[in-house]
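**Q** This is the structure I want to talk about, given as structure tokens.
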Number of protein chains: 2
Amino acid sequence: MDLKRILSPIEKDIEIVEELIYKNLENRIGLIQEIGKHIFGSGGKRLRPTLTILSCKYYNIKDPVIYELATAIEYIHTATLLHDDVVDNSELRRGKETANILWGNQAPVLVGDYLFAKAFILMVKSNNLKILDLLSNVTGLLAQGEIFELVKTGDLNTTIEEYFEIIEEKTGVLISAAAQIGPIMAGASEVEIKIFKNYGENIGIAFQLVDDALDYISTDKVLGKKIGIDIREGKVTLPLICALEKNDNQEIRDIFYKDELTEDDIEKIRKFVIENNGIEITFDYANKYVKKAVDELEKLNKNQFVEILENLAHFITARRY
Amino acid sequence: MDLKRILSPIEKDIEIVEELIYKNLENRIGLIQEIGKHIFGSGGKRLRPTLTILSCKYYNIKDPVIYELATAIEYIHTATLLHDDVVDNSELRRGKETANILWGNQAPVLVGDYLFAKAFILMVKSNNLKILDLLSNVTGLLAQGEIFELVKTGDLNTTIEEYFEIIEEKTGVLISAAAQIGPIMAGASEVEIKIFKNYGENIGIAFQLVDDALDYISTDKVLGKKIGIDIREGKVTLPLICALEKNDNQEIRDIFYKDELTEDDIEKIRKFVIENNGIEITFDYANKYVKKAVDELEKLNKNQFVEILENLAHFITARRY
């Protein structure tokens with residue numbers, strides 16, 4: 001089962017969004033387009049626009065503003081990527097050098113701001129205050145989740161609850177919002193909006209769980225960035241939390257708190273996490289969240305778009321990149 | 001004539017905004033409040049909220065959402081300050097150490113994003129799509145102006161036209177938007193909105209011109225930041241552009257392009273700019289823009305709030321901090 005096949009019924013729609021992503025970057029200042037092309041051109045799964053399109057197709061919404069909303073959501077996501085890479089001093093994303101490595105920190109901070117602003121300009125075009133309310137709140141939660149993650153960086157006493165708070169805000173809410181565009185645009189009931197909200201939130205969390213697991217077990221090449229990057233950056237994610245819960249190893253704690261970690265140190269922590277079921281437990285959680293997402297879909301009328309949403313949910317835990 | 005006296009009729013209103021500025025920072029994550037309090041507590045003239053209040057008072061608007069809009073605009077402004085200080089590696093703002101010096105670059109980038117988001121949340125509360133359209137576009141222009149400024153950094157061939165493009169976007173448009181809230185909320189005619197728009201744009205440009213002049217002639221203590229900071233950062237502003245236009249001095253050009261500038265180098269450039277009328281010409285421009293702003297006000301019905309707007313315009317070129 002490959003993603004491209006799953007999504008073939010909305011291939012044309014995704015192409016429209018893709019065009020809008022580039023069209024809205026057009027600007028007399030070359031640097032904006034340059035950085036924009038760099039980050040949008042380096043792949044990316046376009047998961048959020050895909051969910052927006054699917055939720056709108058379910059309600060058979062023809063209004064072309066949905067493509068602008070899908071673009072807006074991808075812009076918000078990308079703005080946070082640009083800022084995250086500055087915050088984390090990241091060197092690679094999707095197999096390419098990050099914007100901060102290529103242009104320094106300044107331009108990516110400002111181009112991120114520009115994308116946020118463009119997202120709001122596009123959103124306002126919907127003339128839909130409910131959507132504006134949702135997306136502005138979600139943008140706030142996103143920033144909040146990232147600040148909380150920063151605060152908890154380097155803290156091995158981060159609890160499972162705190163971890164889930166972080167990933168819900170930094171990843172869950174925007175994916176959830178993307179999935180709510182359809183029912184809100186269609187004027188669906190609160191109950192139906194809630195179904196899409198829960199579906200999105202659950203796959204969003206599952207997505208982040210898999211991301212955090214793959215950071216321990218994938219390879220640099222497959223992932224398009226260095227593996228073990230979370231340990232390097234002092235980020236305490238579920239695999240490590242669970243492994244330490246099972247086996248509160250003082251040596252691992254000491255290594256983690258060293259000022260500089262060697263490649264050997266990172267390898268030791270990785271091994272420890274794998275041997276103490278950190279990855280297994282994380283995937284178990286991810287599967288649980290995928291199941292929750294799929295269960296939500298049961299409440300909808302079955303049609304081909306619900307089927308795609310279901311396949312997409314299963315794809316989350318199947319992915320290895 | 002002091003600013004406090006000029007603004008005494010709207011003192012209470014400014015207090016309400018001041019409270020909202022802090023109230024909307026409340027968050028379970030201490031760091032958000034901490035950085036917020038630091039930057040909002042370090043003074044700042046609240047010029048933008050003042051303009052919003054005055055323009056609303058002119059139309060006798062009683063809707064309390066105007067305070068939320070004033071807060072939103074100050075949040076947008078402050079978010080750009082946080083990001084600017086990261087971009088410029090600034091050490092001092094308003095006489096206090098900058099957030100990036102105290103917390104590193106990471107937190108100020110994310111708290112800036114949080115303020116942008118909060119601004120949009122507050123704006124959406126107005127339920128006024130015209131205001132949302134204005135403020136989202138203005139936020140885009142703001143970022144664009146800052147990116148253009150970054151691109152032109154270190155370029156002594158920056159033209160007067162390019163300089164004005166930069167300051168119009170990075171300073172003029174938000175101040176102008178702040179002044180348009182009243183007529184838009186009141187449903188005034190496009191002609192009247194335009195009057196406030198032009199007034200705001202002109203005082204905004206005048207404000208930036210004075211800022212750029214003071215960077216050459218004020219003192220560290222009065223300014224609350226180092227003087228000569230623009231030269232240090234390679235920013236080519238009007239005083240230098242005009243001085244070089246009068247006297248295209250190769251020695252000054254060579255100093256400017258040195259990798260590291262000594263205090264002596266900066267002093268040489270400062271002297272050169274002053275001796276070649278760079279400051280005088282810049283203040284002449286500022287006065288011209290203030291006059292344009294005041295002329296716009298003539299088209300309005302005279303009342304005490306128009307009078308305050310007029311005094312405020314004159315205050316811009318009178319200020320020495």
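Residue numbers start at 1 in each chain; chains themselves are named A, B, ... in the order of the structure tokens; ligands are numbered from 1 in the order shown.
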Using 8 Å as the limit and counting only C-alpha atoms, can you tabulate each residue of chain B that touches chain A, with its shortest atom-to-atom distance in Å and the two atoms involved, as a tab-separated table?
**A**
residue	atom	partner	partner_atom	distance
B:Ile29	CA	A:Phe148	CA	6.6
B:Leu31	CA	A:Val151	CA	7.7
B:Ile32	CA	A:Ile147	CA	7.7
B:His83	CA	A:Val109	CA	7.1
B:Val86	CA	A:Gln106	CA	7.4
B:Val87	CA	A:Gln106	CA	4.6
B:Asp88	CA	A:Gln106	CA	7.7
B:Asn105	CA	A:Val87	CA	7.0
B:Gln106	CA	A:Val87	CA	4.6
B:Ala107	CA	A:Ile147	CA	6.8
B:Val109	CA	A:His83	CA	7.1
B:Leu110	CA	A:Ala143	CA	6.0
B:Val111	CA	A:Ala143	CA	7.2
B:Asp113	CA	A:Ala143	CA	6.1
B:Tyr114	CA	A:Ala143	CA	5.2
B:Leu115	CA	A:Gly140	CA	7.9
B:Ala117	CA	A:Gly140	CA	4.8
B:Lys118	CA	A:Gly140	CA	6.1
B:Phe120	CA	A:Ser136	CA	5.7
B:Ile121	CA	A:Ser136	CA	5.3
B:Val124	CA	A:Asp133	CA	6.2
B:Asn127	CA	A:Leu129	CA	6.8
B:Leu129	CA	A:Asn127	CA	6.8
B:Leu132	CA	A:Val124	CA	6.7
B:Asp133	CA	A:Val124	CA	6.2
B:Ser136	CA	A:Ile121	CA	5.3
B:Asn137	CA	A:Ile121	CA	6.0
B:Thr139	CA	A:Ala117	CA	5.5
B:Gly140	CA	A:Ala117	CA	4.8
B:Ala143	CA	A:Tyr114	CA	5.2
B:Gln144	CA	A:Tyr114	CA	6.6
B:Glu146	CA	A:Leu110	CA	7.1
B:Ile147	CA	A:Leu110	CA	6.2
B:Phe148	CA	A:Ile29	CA	6.6
B:Leu150	CA	A:Ala107	CA	7.5
B:Val151	CA	A:Leu31	CA	7.7
**Q** I want to know what sits within 10 Å of A:Cys56, based on only C-alpha atoms, with residues of the same chain fewer than 6 positions away left out; could you give that as a PyMOL selection string?
**A** chain A and resi 50+62-63+66-67+179-186+305
**Q** One decimal, in Å: what's the spacing between atom CA of B:Ile308 and atom CA of B:Phe283?
**A** 21.9 Å
**Q** Which polymer residues have any atom within 8 Å of an atom of stretch 235-239 of chain B, counting only C-alpha atoms, with same-chain residues fewer than 5 positions away left out, as a ChimeraX atom specification?
**A** /B:149,152-156,158,160,163,209,212-213,230,273,277-279,281-282
**Q** As a ChimeraX atom specification, please: every residue in stretch 65-203 of chain B that a backbone DSSP assignment puts in helix (DSSP H, G or I).
**A** /B:65-88,99-103,106-124,129-152,160-185,190-203
**Q** Emit the selected residues as an mmCIF file, in the first residue's frame, including C-alpha atoms.
**A**
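Output file selection-v1.cif follows:
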data_model
loop_
_atom_site.group_PDB
_atom_site.id
_atom_site.type_symbol
_atom_site.label_atom_id
_atom_site.label_comp_id
_atom_site.auth_asym_id
_atom_site.auth_seq_id
_atom_site.Cartn_x
_atom_site.Cartn_y
_atom_site.Cartn_z
ATOM 1 C CA VAL B 65 -13.205 45.341 21.590
ATOM 2 C CA ILE B 66 -11.182 48.420 20.609
ATOM 3 C CA TYR B 67 -8.971 47.756 23.637
ATOM 4 C CA GLU B 68 -8.393 44.233 22.428
ATOM 5 C CA LEU B 69 -7.493 45.519 18.992
ATOM 6 C CA ALA B 70 -5.092 48.037 20.512
ATOM 7 C CA THR B 71 -3.525 45.180 22.485
ATOM 8 C CA ALA B 72 -3.305 43.046 19.348
ATOM 9 C CA ILE B 73 -1.443 45.771 17.482
ATOM 10 C CA GLU B 74 1.013 46.254 20.359
ATOM 11 C CA TYR B 75 1.531 42.451 20.378
ATOM 12 C CA ILE B 76 2.349 42.434 16.660
ATOM 13 C CA HIS B 77 4.793 45.292 17.194
ATOM 14 C CA THR B 78 6.409 43.562 20.173
ATOM 15 C CA ALA B 79 6.694 40.230 18.362
ATOM 16 C CA THR B 80 8.689 41.994 15.664
ATOM 17 C CA LEU B 81 10.905 43.610 18.324
ATOM 18 C CA LEU B 82 11.673 40.198 19.840
ATOM 19 C CA HIS B 83 12.490 38.771 16.428
ATOM 20 C CA ASP B 84 14.447 41.855 15.366
ATOM 21 C CA ASP B 85 16.673 41.638 18.406
ATOM 22 C CA VAL B 86 17.447 38.028 17.526
ATOM 23 C CA VAL B 87 18.081 38.986 13.903
ATOM 24 C CA ASP B 88 20.312 41.924 14.861
ATOM 25 C CA ALA B 99 15.486 38.944 25.694
ATOM 26 C CA ASN B 100 17.948 37.175 23.387
ATOM 27 C CA ILE B 101 20.820 38.142 25.682
ATOM 28 C CA LEU B 102 18.932 36.970 28.779
ATOM 29 C CA TRP B 103 17.303 33.803 27.402
ATOM 30 C CA GLN B 106 15.316 30.219 21.137
ATOM 31 C CA ALA B 107 12.726 31.470 23.578
ATOM 32 C CA PRO B 108 12.372 34.970 22.052
ATOM 33 C CA VAL B 109 11.731 33.461 18.609
ATOM 34 C CA LEU B 110 8.959 31.247 19.994
ATOM 35 C CA VAL B 111 7.485 33.863 22.337
ATOM 36 C CA GLY B 112 7.404 36.239 19.360
ATOM 37 C CA ASP B 113 5.389 33.611 17.480
ATOM 38 C CA TYR B 114 3.121 33.263 20.478
ATOM 39 C CA LEU B 115 2.489 37.027 20.508
ATOM 40 C CA PHE B 116 1.668 36.992 16.783
ATOM 41 C CA ALA B 117 -0.843 34.224 17.406
ATOM 42 C CA LYS B 118 -2.352 35.990 20.421
ATOM 43 C CA ALA B 119 -2.664 39.138 18.319
ATOM 44 C CA PHE B 120 -4.705 37.232 15.752
ATOM 45 C CA ILE B 121 -6.855 35.634 18.440
ATOM 46 C CA LEU B 122 -7.663 39.117 19.791
ATOM 47 C CA MET B 123 -8.291 40.501 16.314
ATOM 48 C CA VAL B 124 -10.735 37.731 15.456
ATOM 49 C CA LEU B 129 -13.314 41.081 8.417
ATOM 50 C CA LYS B 130 -12.168 44.465 7.147
ATOM 51 C CA ILE B 131 -9.957 44.862 10.205
ATOM 52 C CA LEU B 132 -8.671 41.300 9.872
ATOM 53 C CA ASP B 133 -7.894 41.935 6.238
ATOM 54 C CA LEU B 134 -6.024 45.142 7.069
ATOM 55 C CA LEU B 135 -4.004 43.735 9.957
ATOM 56 C CA SER B 136 -3.049 40.468 8.290
ATOM 57 C CA ASN B 137 -1.829 42.353 5.213
ATOM 58 C CA VAL B 138 0.063 44.793 7.368
ATOM 59 C CA THR B 139 1.794 41.962 9.226
ATOM 60 C CA GLY B 140 2.923 40.609 5.864
ATOM 61 C CA LEU B 141 4.279 44.002 4.792
ATOM 62 C CA LEU B 142 6.068 44.349 8.121
ATOM 63 C CA ALA B 143 7.924 41.074 7.626
ATOM 64 C CA GLN B 144 8.584 41.989 4.002
ATOM 65 C CA GLY B 145 10.089 45.338 5.001
ATOM 66 C CA GLU B 146 12.335 43.653 7.519
ATOM 67 C CA ILE B 147 13.491 41.102 4.985
ATOM 68 C CA PHE B 148 14.227 43.867 2.493
ATOM 69 C CA GLU B 149 16.172 45.714 5.195
ATOM 70 C CA LEU B 150 18.169 42.539 5.837
ATOM 71 C CA VAL B 151 18.894 42.167 2.123
ATOM 72 C CA LYS B 152 20.112 45.763 1.927
ATOM 73 C CA ILE B 160 16.889 56.945 -0.943
ATOM 74 C CA GLU B 161 13.909 55.264 -2.615
ATOM 75 C CA GLU B 162 14.888 51.869 -1.235
ATOM 76 C CA TYR B 163 15.406 53.354 2.210
ATOM 77 C CA PHE B 164 11.907 54.841 2.167
ATOM 78 C CA GLU B 165 10.434 51.566 0.946
ATOM 79 C CA ILE B 166 12.005 49.813 3.912
ATOM 80 C CA ILE B 167 10.875 52.252 6.581
ATOM 81 C CA GLU B 168 7.401 52.571 5.136
ATOM 82 C CA GLU B 169 6.934 48.828 5.400
ATOM 83 C CA LYS B 170 8.760 48.114 8.609
ATOM 84 C CA THR B 171 7.377 51.102 10.530
ATOM 85 C CA GLY B 172 4.840 53.092 8.526
ATOM 86 C CA VAL B 173 2.218 50.472 7.765
ATOM 87 C CA LEU B 174 1.564 49.221 11.304
ATOM 88 C CA ILE B 175 1.364 52.735 12.747
ATOM 89 C CA SER B 176 -0.956 53.582 9.878
ATOM 90 C CA ALA B 177 -3.104 50.510 10.551
ATOM 91 C CA ALA B 178 -3.352 51.446 14.231
ATOM 92 C CA ALA B 179 -4.812 54.802 13.224
ATOM 93 C CA GLN B 180 -7.340 53.220 10.855
ATOM 94 C CA ILE B 181 -9.106 51.117 13.478
ATOM 95 C CA GLY B 182 -11.440 53.976 14.467
ATOM 96 C CA PRO B 183 -12.838 54.824 11.038
ATOM 97 C CA ILE B 184 -13.113 51.160 10.044
ATOM 98 C CA MET B 185 -14.945 50.215 13.243
ATOM 99 C CA GLU B 190 -13.184 55.206 2.289
ATOM 100 C CA VAL B 191 -12.230 58.867 2.036
ATOM 101 C CA GLU B 192 -12.143 59.211 5.815
ATOM 102 C CA ILE B 193 -10.301 55.919 6.283
ATOM 103 C CA LYS B 194 -7.730 57.245 3.829
ATOM 104 C CA ILE B 195 -7.216 60.389 5.946
ATOM 105 C CA PHE B 196 -6.325 58.295 8.995
ATOM 106 C CA LYS B 197 -4.258 55.958 6.834
ATOM 107 C CA ASN B 198 -2.185 58.829 5.445
ATOM 108 C CA TYR B 199 -1.862 60.505 8.823
ATOM 109 C CA GLY B 200 -0.539 57.278 10.373
ATOM 110 C CA GLU B 201 1.788 56.470 7.505
ATOM 111 C CA ASN B 202 3.313 59.929 7.563
ATOM 112 C CA ILE B 203 3.921 60.063 11.298
#
**Q** Take atom CA of B:Asp265 and atom CA of B:Leu214 and report the distance between them in Å, one decimal.
**A** 18.3 Å
**Q** Run DSSP on the backbone and tell me which residues of stretch 26-273 of chain B come out as strand (DSSP E or B); list them as a list in words.
**A**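 Answer for stretch 26-273 of chain B restricted to strand (DSSP E or B) is Leu92, Arg93, Lys96 and Glu97 of chain B.
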**Q** Just write the chosen residues, N, CA and C atoms, as a tab-separated table (two decimals), in the first residue's frame.
**A**
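Generated output (part_20.tsv):
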chain	number	residue	atom	x	y	z
B	92	LEU	N	20.92	45.63	23.88
B	92	LEU	CA	20.14	46.53	24.73
B	92	LEU	C	18.91	47.03	23.98
B	93	ARG	N	17.80	47.15	24.70
B	93	ARG	CA	16.62	47.82	24.16
B	93	ARG	C	15.97	48.56	25.33
B	96	LYS	N	17.45	48.21	28.81
B	96	LYS	CA	17.55	46.91	29.48
B	96	LYS	C	18.16	45.88	28.53
B	97	GLU	N	18.73	44.85	29.11
B	97	GLU	CA	19.28	43.79	28.26
B	97	GLU	C	18.14	43.17	27.45
**Q** Tell me, in Å to one decimal, how far atom CA of A:Glu19 is from atom CA of A:Val306.
**A**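 Computing the Euclidean distance for atom CA of A:Glu19 and atom CA of A:Val306 yields 25.4 Å.
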**Q** Determine the nearest neighbour of B:Phe207 from the options B:Phe315, B:Tyr58, B:Phe40, B:Phe272, counting only C-alpha atoms.
**A**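 Nearest to B:Phe207: B:Phe315.
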